[in-house]
Structures are given as structure tokens and as C-alpha cells.
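A.B. asks: This is the structure I have questions about; it appears just below.
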Amino acid sequence: MFEGLYPKQYMHLAETISAYAVNIHMIDRLKPALQAIAVEHVKSNVQVVQYPKIGMALIEAIEDILGDKATTEFVDAWREAYKFVANILIEMEQELYKSQELINS
């Protein structure tokens, strides 16, 4: 399900999701952690096209774990939450990639 993720990344993904769920109304609290994740993503050359794959795997995991308790509304809410965080990371990473290009030119 999470092909391409290193075992350590499973825990990081779970921790990030948990932190997001707890701080959903205070996203600014997560900015430093998200910036650190973005830096690691750039170091690992994570690309925008990888985000939908991880999002689908996350939703599949939620549905697998919760079974019938994973209502359509609940799953849709997590889809939106993932997209929101993914967009923040993508924006941060694009800025970092751009900074690297400027430094290397």
C-alpha cells in the first residue's frame, strides 16, 4: 500500500497526521514542523506527483482500519484535510526548490 516509503516514513506520516488532527484549528502551530518536513522532502527530491499516491494510500489505510465506521463524510473530510496539508507542503517545497536553483545558478 505504501510502496516507496521507507519504514521510518510510516511513523513520520502517522505522527504528522495525528498532529494535524489535534491542531486542525490552529494550523500555524504546525508551520515549523511542516517546514522541517518540506526541507526533508526537498533533500529526498520528493515531487508533486507523489502527493496523490500518498493521499490515496492514506485514505485506503483509514478505510481498511475503520471498516464500516469510515463513513463517506469522514473519509471525505480526511481527503480535504490531506489536500490542505499537501498544498502547504507543496508550496513550501516549491520555494525551497526555487531557492536551490538560485543558489546553483
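As shown in the C-alpha cells, the chain order sets the letters A, B, ...; within each chain, residues go from 1, and ligands are also counted from 1 in the order they appear.
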Quick one: everything within 9 Å of Glu93 (chain A), counting only C-alpha atoms, minus sequence neighbours fewer than 6 positions away in the same chain. Send it as an MDAnalysis selection string.
C.D. replies: chainID A and resid 35 38:39 41:42 46:47
A.B. asks: Identify, on the basis of only C-alpha atoms, every residue whose closest approach to Arg79 (chain A) does not exceed 8 Å; exclude the query and any residue fewer than 4 positions from it along the same chain; express the result as a list in words.
C.D. replies: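 That gives Gly55, Ile59, Val75 and Lys83 of chain A.
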A.B. asks: Counting only C-alpha atoms, give me one row per residue of region 47-103 of chain A with an atom at most 9 Å from an atom of region 25-34 of chain A, showing the shortest contact pair and its distance in Å to one decimal, sorted by chain then residue number, as CSV.
C.D. replies:
```
residue,atom,partner,partner_atom,distance
A:Val85,CA,A:Leu34,CA,8.5
A:Ile88,CA,A:Leu34,CA,8.0
A:Leu89,CA,A:Leu34,CA,6.5
A:Met92,CA,A:Leu34,CA,8.4
```
A.B. asks: To one decimal place in Å, what is the distance between CA of Tyr97 (chain A) and CA of Glu80 (chain A)?
C.D. replies: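 Here the two named atoms are 25.2 Å from each other.
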A.B. asks: List the neighbours of Asp76 (chain A) out to 12 Å using only C-alpha atoms; skip same-chain residues closer than 4 positions along the sequence, and give me the result as a list in words.
C.D. replies: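 In the requested format, the answer is Gly55, Met56, Leu58, Ile59, Glu60, Ile62, Glu63, Ala70, Thr71, Thr72, Glu80, Ala81, Tyr82 and Lys83 of chain A.
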A.B. asks: Just give me the gap between CA of Phe84 (chain A) and CA of Gly67 (chain A) in Å, one decimal is fine.
C.D. replies: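 If I compute the distance from CA of Phe84 (chain A) to CA of Gly67 (chain A), I get 24.2 Å.
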A.B. asks: Please give the complete set of residues from chain A that DSSP, run on the backbone, assigns to helix (DSSP H, G or I), formatted as a count of residues only.
C.D. replies: 86
A.B. asks: Mind pulling up the distance from CA of His12 (chain A) to CA of Ser44 (chain A)?
C.D. replies: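 A separation of 14.4 Å between them.
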